[in-house]
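Heads up: the structure comes next, in structure tokens.
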Amino acid sequence: MSAHSFIDSDLLSRLGSLPIESRVPMMGNVAGKHRSPHRGSSVEFAEYRKYVPGDDTRRLDWKAFARSDRFYIKEFEADTNLRAYFVIDASGSMNFHGPGLESKIQYARRIAASLAYLLVNQGDAAGLSICTDKLHLEVPPSRRAAHLERFFTTIEKVEPSGETGLIPALHTIAEKIGQRAFIVILSDFFTDTAELADALQHLRYRKHDISLFHLMDPQEIGFNFDRPHRFVDLEDNTALVVEPNLIADEYHTALNEFLKNVRDKAHDANADYQLVTTDTPLEPLLREFLTARLPKAKH
Amino acid sequence: MTFLSPLLLWFLAAASVPVIIHLLNKRRHKTLQWAAMQFLLKATRESRGKKKLRHILILTCRTLGLAALAFAAARPIVSGLLGWGAGTIDTVVLILDRSASMELRSGDGEDAKRELVLRKIREAMSNIGSPRLVVIDSASGKPQEIPSPDVLGQISATAATDSTANVPTLLASAADVLTKSTGRSEIWLASDLQRSNWRPDDDRWAALRANLQSLPEKPAIRILSISGDSAANTSLRLLNTRRTIDGLILNLELNRSKDNRGSIGLPVTTQINGASQNELITLPGQSLRFQKRIPIKLEDESGHGWLSIPADGNPRDNSVFFAYGPARPIKSIIVSESNEAANYLSLAAAPPNFEKQTVTRIEPGAFAATSTSELSLILWAAPLPTGESAKTLQNFLSSGGQVVLLPSPKSAATEAFLETQWEPISTSASGKFFILKDWERADGPLRDGVDGSPIPAERLRAIKRAIPKSDAAVLAKWEDGEPFITRKIVDKGTLWTIGSIPDYTWSNLGDADVLLPAVQRILALGAERFDASFLAEVGSDSAMLAPSETRTRVDDYSKENSDHVAGVFRLGNRLTAVNRPLAEDELETTTKDSLDAMLEGTDYRLLDQAGQTSDPSLSTHIWRAFLVAMLFFLISEALLCMPKENSVTTTTPQHGGAPSAT
């Protein structure tokens, strides 16, 4: 496990006590610790309903019958497992890193690997989808511990390049995954925000639990340069020579507008949104993320 | 503008440093792989315009700041005389107006215009490194090289005079000097722009302009004029003098500067042959012409004296000088046949009780043999002279005599004398008259009296007239615009024409309203040729020494003794009262338009020091101004470089949070 540079075993052991909860009922194929929309055999009481012929008479509440002379069926919550899909944007822009910092793709690897490990460790399934405009790699979700190695190897091998293929990938995932799942998207979202909104709405329509990790480099946000630079696009190699001091205000305005747009679109799709800069320590980030997902009643 | 340390101007090259750094910086860009390209492109599109302008302004401020520092270090001097574009000058030709009007002071205790301008020029000359200086003063008109500008105020060529100035002549002299000089030259002309000095109507201006433009290196002309407020001034001038048997009649004029109002009493001191007297003359307005009669004993053969008024703004125009010789009879002749007109003319030329005036009538044929040396006036009422008569008459005119031509019933249209002819005699329509309509009220024989009362010339009625045809000046016109009286200057004398005769078949000219004053005034002019030999204007030929003559000042008004000052002098055997030219008292100045016309095509600049008479400096050290400018540019640059308060930044988000714009 520690053979991969993006795995921090100490961090995982510290976070191991925090469960990853789904915010929506899941429809797993095996019993698990997550709520299901179906009634099941867990100890968690759900509701009473009137008996109809054909119901299992073992589930009649005899005490209620004794009190009310009516037949009631006592229903319990069904617990099932969670299937998570990690969608990693592997476009060229994800390769950017400011001085002394790791790239966005590396940061995405760490998040995805850590969460996948925690999920599998608690008996849930973790799958992977890596997308560019030319490539769409998928690792189907699995609960097996051996599966994690394949997961890690895949994200380790991915090399960001080309333009983003995030939007088609999200639509594909929305279409392909029949059952409710936990979709974690890791990207800088340098794409058309309207199209992103459509894709998120598509996922929401399929009743998936969506989380967005918006990865940005501090240099992209600060844009502090003291001399002219020739900026070369990581995705299509177009170059532009500018005096950063002269355009800093306009740059920040455009960036802020973009960040707000992405956040608003995520909110509209009822998705979790985390704007993360790559200089942020991972542990507090994940701890806060996991804590925020815990059901309020359990606090 | 010139510089005391011109070598430091090389530091001006430093002004290009910000631009060079900017260009180098643009070339020395760093290449960076960048992800957020979409924001860069958008920002670049939107930042054009204001930002670019701001950046250019910053660069400009830096450049100008350094340039201002370099200029300040070079110790610049701005000179009104030199102008901003001036560089090194090799020769300055200074034309100095030393005329009497240049002695006008700007206020009590202030310097005269001449002194003020000399001081300014002295300072300007030393500031520009004292190039070769040639002075042409208006009194002598001769170029004189001055070794140092420091002595400008001490040499006789710049001293005060009572002379006038002839600017075209002086400029021509300057052009002559410049033909012999090499290097860059300038003509500095210090003048009060008095119109009579500049003579805008002088025919020589065109030739002078051509002369200046034909010089190998066209000189710049800097005209330094001192105008502005001046001290209250009154001038006294002598128009003419006339010796009678027992007295001397002085026609005088007092003029006050324009801003003086109201009536004042002015004490006038008269001194004749050492005896003084004072009297108070009331000056009711700005100008007063008056006649002063000084009694002289019949046996007095000659004498001299002066009149003066108290000191005021211009000390040079407060006195006039006169001299006189023995009393002479005033003789006239009438060249005419014996007729009514001749009788009237006789009465006009020698009225009863005017014992000193005599008149004789002669036949036209006898004129050639008549001596004219004692005559003041010849009234010619006969066919125009020809042959010997014409020659004698012309000689009389040349020697200063006055001739009045009147038509004769026998005049023929083909006759001519000095290009003057009579048109055929014309007769007015039945029951109508030729009426005198328009005449010169300030000049000529029909001018208003010294008290302002006009000649009643409109009473003149004529049924016959002859129109004089010549190029003479018309002084009176008939109702239909045809000339009645004309005047033509012939050498020292004057040829007059009067277009009708005092004959009842011609006109009522004999009624004395017109004829008597006209003839008496012309006669007075004629008599002046005898008295005029005792009067001269400063700078005129008669005020100059003839060969073998010596100059001795005989009056006690002042000790000054030179060709260019007023006073009573004995020039050899001649006794001459020399006064400043009358034109010097005229207040009219040359306008800018007139200057433009006179100096068209030359590089001239008018520097009017109006209101700056208390500041004697023509050139100023202005390095402080450049330092202030540098500070201004650097502060501006700093302000432009300061980040705007509402500039947009993006804060780094806390994990899990979104950034916020500030």
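Labels used: A, B, ... for chains in the order of the structure tokens, numbers from 1 for residues in each chain, and numbers from 1 for ligands as shown.
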Exercise for the section: Please provide as JSON, numbers by chain all residues within 12 Å of Asp596 in chain B, with the sequence filter that same-chain residues fewer than 2 positions apart are discarded (counting only C-alpha atoms). Expected result: {"B": [200, 205, 209, 223, 590, 591, 592, 593, 594, 598, 599, 600, 601, 602, 603, 604, 605, 606]}
Please dump the current selection as a compact mmCIF listing (two decimals), in the first residue's frame; keep all heavy atoms.
# COMPACT_ATOMS: atom_id res chain seq x y z
N PRO B 200 6.14 103.21 -40.48
CA PRO B 200 5.60 102.05 -41.22
C PRO B 200 5.37 102.33 -42.70
O PRO B 200 5.37 101.41 -43.51
CB PRO B 200 4.26 101.77 -40.52
CG PRO B 200 4.34 102.47 -39.22
CD PRO B 200 5.25 103.64 -39.40
N TRP B 205 11.10 99.74 -46.38
CA TRP B 205 10.87 98.49 -45.65
C TRP B 205 11.01 97.26 -46.55
O TRP B 205 11.58 96.25 -46.15
CB TRP B 205 9.50 98.49 -44.97
CG TRP B 205 9.52 99.21 -43.66
CD1 TRP B 205 8.94 100.39 -43.35
CD2 TRP B 205 10.17 98.77 -42.45
NE1 TRP B 205 9.19 100.74 -42.04
CE2 TRP B 205 9.95 99.76 -41.46
CE3 TRP B 205 10.94 97.67 -42.12
CZ2 TRP B 205 10.43 99.66 -40.17
CZ3 TRP B 205 11.43 97.57 -40.82
CH2 TRP B 205 11.18 98.55 -39.87
N ARG B 209 13.60 94.29 -45.89
CA ARG B 209 13.23 92.86 -45.66
C ARG B 209 14.03 91.97 -46.61
O ARG B 209 14.57 90.93 -46.21
CB ARG B 209 11.74 92.67 -45.90
CG ARG B 209 10.86 93.21 -44.79
CD ARG B 209 9.45 92.69 -44.94
NE ARG B 209 8.80 93.17 -46.14
CZ ARG B 209 8.04 94.28 -46.19
NH1 ARG B 209 7.87 95.00 -45.10
NH2 ARG B 209 7.48 94.66 -47.31
N ILE B 223 12.62 92.20 -30.62
CA ILE B 223 12.25 93.59 -30.34
C ILE B 223 11.88 93.68 -28.87
O ILE B 223 10.94 93.03 -28.43
CB ILE B 223 11.06 94.03 -31.21
CG1 ILE B 223 11.44 93.90 -32.68
CG2 ILE B 223 10.68 95.47 -30.89
CD1 ILE B 223 10.28 94.05 -33.61
N THR B 590 3.48 101.81 -32.62
CA THR B 590 3.29 100.87 -33.72
C THR B 590 2.49 99.66 -33.22
O THR B 590 2.76 99.15 -32.14
CB THR B 590 4.65 100.37 -34.22
OG1 THR B 590 5.46 101.50 -34.47
CG2 THR B 590 4.51 99.57 -35.49
N THR B 591 1.53 99.26 -34.00
CA THR B 591 0.72 98.11 -33.59
C THR B 591 1.43 96.82 -33.99
O THR B 591 2.34 96.82 -34.81
CB THR B 591 -0.65 98.14 -34.27
OG1 THR B 591 -0.44 98.09 -35.68
CG2 THR B 591 -1.41 99.41 -33.91
N LYS B 592 0.95 95.73 -33.42
CA LYS B 592 1.52 94.42 -33.75
C LYS B 592 1.28 94.10 -35.23
O LYS B 592 2.17 93.55 -35.89
CB LYS B 592 0.84 93.36 -32.86
CG LYS B 592 1.33 91.95 -33.08
CD LYS B 592 2.67 91.75 -32.43
CE LYS B 592 3.13 90.31 -32.42
NZ LYS B 592 3.24 89.67 -33.72
N ASP B 593 0.11 94.45 -35.72
CA ASP B 593 -0.18 94.20 -37.14
C ASP B 593 0.81 94.95 -38.02
O ASP B 593 1.29 94.44 -39.03
CB ASP B 593 -1.61 94.63 -37.47
CG ASP B 593 -2.62 93.70 -36.84
OD1 ASP B 593 -2.21 92.59 -36.45
OD2 ASP B 593 -3.80 94.09 -36.72
N SER B 594 1.07 96.18 -37.61
CA SER B 594 1.99 97.00 -38.38
C SER B 594 3.39 96.40 -38.34
O SER B 594 4.09 96.35 -39.36
CB SER B 594 1.98 98.41 -37.79
OG SER B 594 2.76 99.25 -38.58
N MET B 598 5.67 95.19 -41.42
CA MET B 598 7.01 95.74 -41.66
C MET B 598 8.07 94.64 -41.71
O MET B 598 8.98 94.70 -42.51
CB MET B 598 7.36 96.75 -40.57
CG MET B 598 6.67 98.08 -40.73
SD MET B 598 7.23 99.26 -39.50
CE MET B 598 6.24 98.83 -38.10
N LEU B 599 7.93 93.66 -40.80
CA LEU B 599 8.97 92.63 -40.68
C LEU B 599 8.51 91.29 -41.23
O LEU B 599 8.98 90.25 -40.80
CB LEU B 599 9.37 92.50 -39.21
CG LEU B 599 10.00 93.76 -38.62
CD1 LEU B 599 10.12 93.65 -37.12
CD2 LEU B 599 11.37 94.00 -39.23
N GLU B 600 7.62 91.34 -42.16
CA GLU B 600 7.08 90.12 -42.75
C GLU B 600 8.22 89.27 -43.34
O GLU B 600 9.09 89.78 -44.04
CB GLU B 600 6.08 90.49 -43.85
CG GLU B 600 5.33 89.30 -44.41
CD GLU B 600 4.47 89.71 -45.57
OE1 GLU B 600 4.49 90.90 -45.92
OE2 GLU B 600 3.79 88.84 -46.12
N GLY B 601 8.16 88.00 -43.04
CA GLY B 601 9.17 87.09 -43.61
C GLY B 601 10.44 87.00 -42.79
O GLY B 601 11.30 86.18 -43.06
N THR B 602 10.57 87.84 -41.77
CA THR B 602 11.76 87.75 -40.92
C THR B 602 11.39 87.00 -39.65
O THR B 602 10.21 86.92 -39.28
CB THR B 602 12.28 89.15 -40.53
OG1 THR B 602 11.27 89.81 -39.76
CG2 THR B 602 12.60 89.98 -41.75
N ASP B 603 12.41 86.48 -39.00
CA ASP B 603 12.18 85.76 -37.75
C ASP B 603 12.23 86.79 -36.62
O ASP B 603 13.26 86.98 -36.00
CB ASP B 603 13.27 84.69 -37.58
CG ASP B 603 13.18 84.01 -36.23
OD1 ASP B 603 12.12 84.11 -35.58
OD2 ASP B 603 14.17 83.37 -35.82
N TYR B 604 11.11 87.44 -36.42
CA TYR B 604 11.13 88.48 -35.38
C TYR B 604 10.21 88.09 -34.24
O TYR B 604 9.25 87.35 -34.40
CB TYR B 604 10.73 89.84 -35.97
CG TYR B 604 9.30 90.25 -35.77
CD1 TYR B 604 8.92 90.96 -34.64
CD2 TYR B 604 8.32 89.93 -36.70
CE1 TYR B 604 7.60 91.33 -34.45
CE2 TYR B 604 7.02 90.29 -36.52
CZ TYR B 604 6.65 90.99 -35.39
OH TYR B 604 5.34 91.35 -35.19
N ARG B 605 10.55 88.60 -33.07
CA ARG B 605 9.76 88.30 -31.89
C ARG B 605 9.64 89.57 -31.06
O ARG B 605 10.65 90.24 -30.82
CB ARG B 605 10.44 87.20 -31.09
CG ARG B 605 9.63 86.73 -29.94
CD ARG B 605 10.16 85.39 -29.45
NE ARG B 605 9.48 85.08 -28.19
CZ ARG B 605 10.10 84.70 -27.10
NH1 ARG B 605 11.40 84.53 -27.11
NH2 ARG B 605 9.44 84.45 -26.00
N LEU B 606 8.43 89.89 -30.68
CA LEU B 606 8.20 91.10 -29.89
C LEU B 606 8.14 90.71 -28.43
O LEU B 606 7.33 89.88 -28.02
CB LEU B 606 6.90 91.77 -30.32
CG LEU B 606 6.46 92.96 -29.47
CD1 LEU B 606 7.47 94.09 -29.54
CD2 LEU B 606 5.09 93.46 -29.89
Which residues come within 7 Å of range 4-10 of chain A, counting only C-alpha atoms, excluding same-chain residues fewer than 5 positions away, as a CSV table (one decimal) with N, CA and C atoms, in the first residue's frame?
chain,number,residue,atom,x,y,z
A,109,ARG,N,-5.0,12.6,-6.9
A,109,ARG,CA,-4.6,11.2,-6.6
A,109,ARG,C,-4.7,11.0,-5.1
A,110,ARG,N,-4.2,11.9,-4.4
A,110,ARG,CA,-4.1,11.7,-2.9
A,110,ARG,C,-5.5,11.6,-2.3
A,113,ALA,N,-7.3,8.4,-3.6
A,113,ALA,CA,-6.8,7.1,-3.0
A,113,ALA,C,-7.2,7.0,-1.6
A,114,SER,N,-7.1,8.1,-0.8
A,114,SER,CA,-7.4,8.1,0.6
A,114,SER,C,-8.9,7.7,0.8
Sorted by chain and rising residue number, list the residues of chain A at most 6 Å from chain B (counting only C-alpha atoms), each with its closest atom pair and distance in Å to one decimal, as a Markdown table.
| residue | atom | partner | partner_atom | distance |
| --- | --- | --- | --- | --- |
| A:Ser93 | CA | B:Ala35 | CA | 4.5 |
| A:Pro228 | CA | B:His29 | CA | 4.8 |
| A:His229 | CA | B:Lys30 | CA | 4.6 |
| A:Arg230 | CA | B:Thr31 | CA | 4.4 |
| A:Phe231 | CA | B:Leu32 | CA | 4.9 |
| A:Val232 | CA | B:Gln33 | CA | 4.7 |
| A:Asp233 | CA | B:Trp34 | CA | 5.1 |
| A:Leu234 | CA | B:Ala35 | CA | 5.5 |
| A:Ile247 | CA | B:Ser47 | CA | 5.7 |
| A:Asp249 | CA | B:Val648 | CA | 5.1 |
| A:Glu250 | CA | B:Ala43 | CA | 4.6 |
| A:Tyr251 | CA | B:Ala43 | CA | 4.8 |
| A:His252 | CA | B:Thr649 | CA | 5.6 |
| A:Ala254 | CA | B:Phe39 | CA | 5.7 |
| A:Gln274 | CA | B:Gly656 | CA | 4.5 |
| A:Leu275 | CA | B:Ala658 | CA | 5.4 |
| A:Val276 | CA | B:His655 | CA | 5.6 |
| A:Leu285 | CA | B:His655 | CA | 5.6 |
Resulting file, chosen residues, C-alpha atoms, as a compact mmCIF listing (two decimals), in the first residue's frame:
# COMPACT_ATOMS: atom_id res chain seq x y z
CA SER A 93 -4.35 21.82 -16.98
CA PRO A 228 6.38 39.82 -17.96
CA HIS A 229 5.68 36.16 -18.61
CA ARG A 230 5.05 34.06 -21.63
CA PHE A 231 2.19 31.81 -20.61
CA VAL A 232 1.88 28.54 -22.53
CA ASP A 233 -1.39 26.72 -22.33
CA LEU A 234 -0.95 23.25 -20.84
CA ILE A 247 -4.03 42.60 -16.18
CA ASP A 249 -7.41 43.08 -11.78
CA GLU A 250 -9.17 41.78 -14.85
CA TYR A 251 -7.75 38.32 -14.24
CA HIS A 252 -9.05 38.22 -10.68
CA ALA A 254 -12.70 36.75 -14.41
CA GLN A 274 -15.01 22.04 -1.95
CA LEU A 275 -12.67 24.65 -3.42
CA VAL A 276 -9.24 23.35 -2.55
CA LEU A 285 -9.53 18.79 4.44
Problem - Residue neighbourhood Leu446 in chain B, 9 Å, only C-alpha atoms, exclusion window fewer than 6 positions, as a ChimeraX atom specification - result: /B:439-440,454-457,475-476,514,517-518,521
Problem - DSSP alpha helix (DSSP H) residues within range 21-270 of chain A, listed as an NGL selection string - result: :A and (62-68 or 104-121 or 145-157 or 166-176 or 193-205 or 218-222 or 244-268)
Problem - Separation of CA of Lys356 in chain B from CA of Ile330 in chain B, in Å and rounded to one decimal - result: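 CA of Lys356 in chain B sits 6.0 Å away from CA of Ile330 in chain B.
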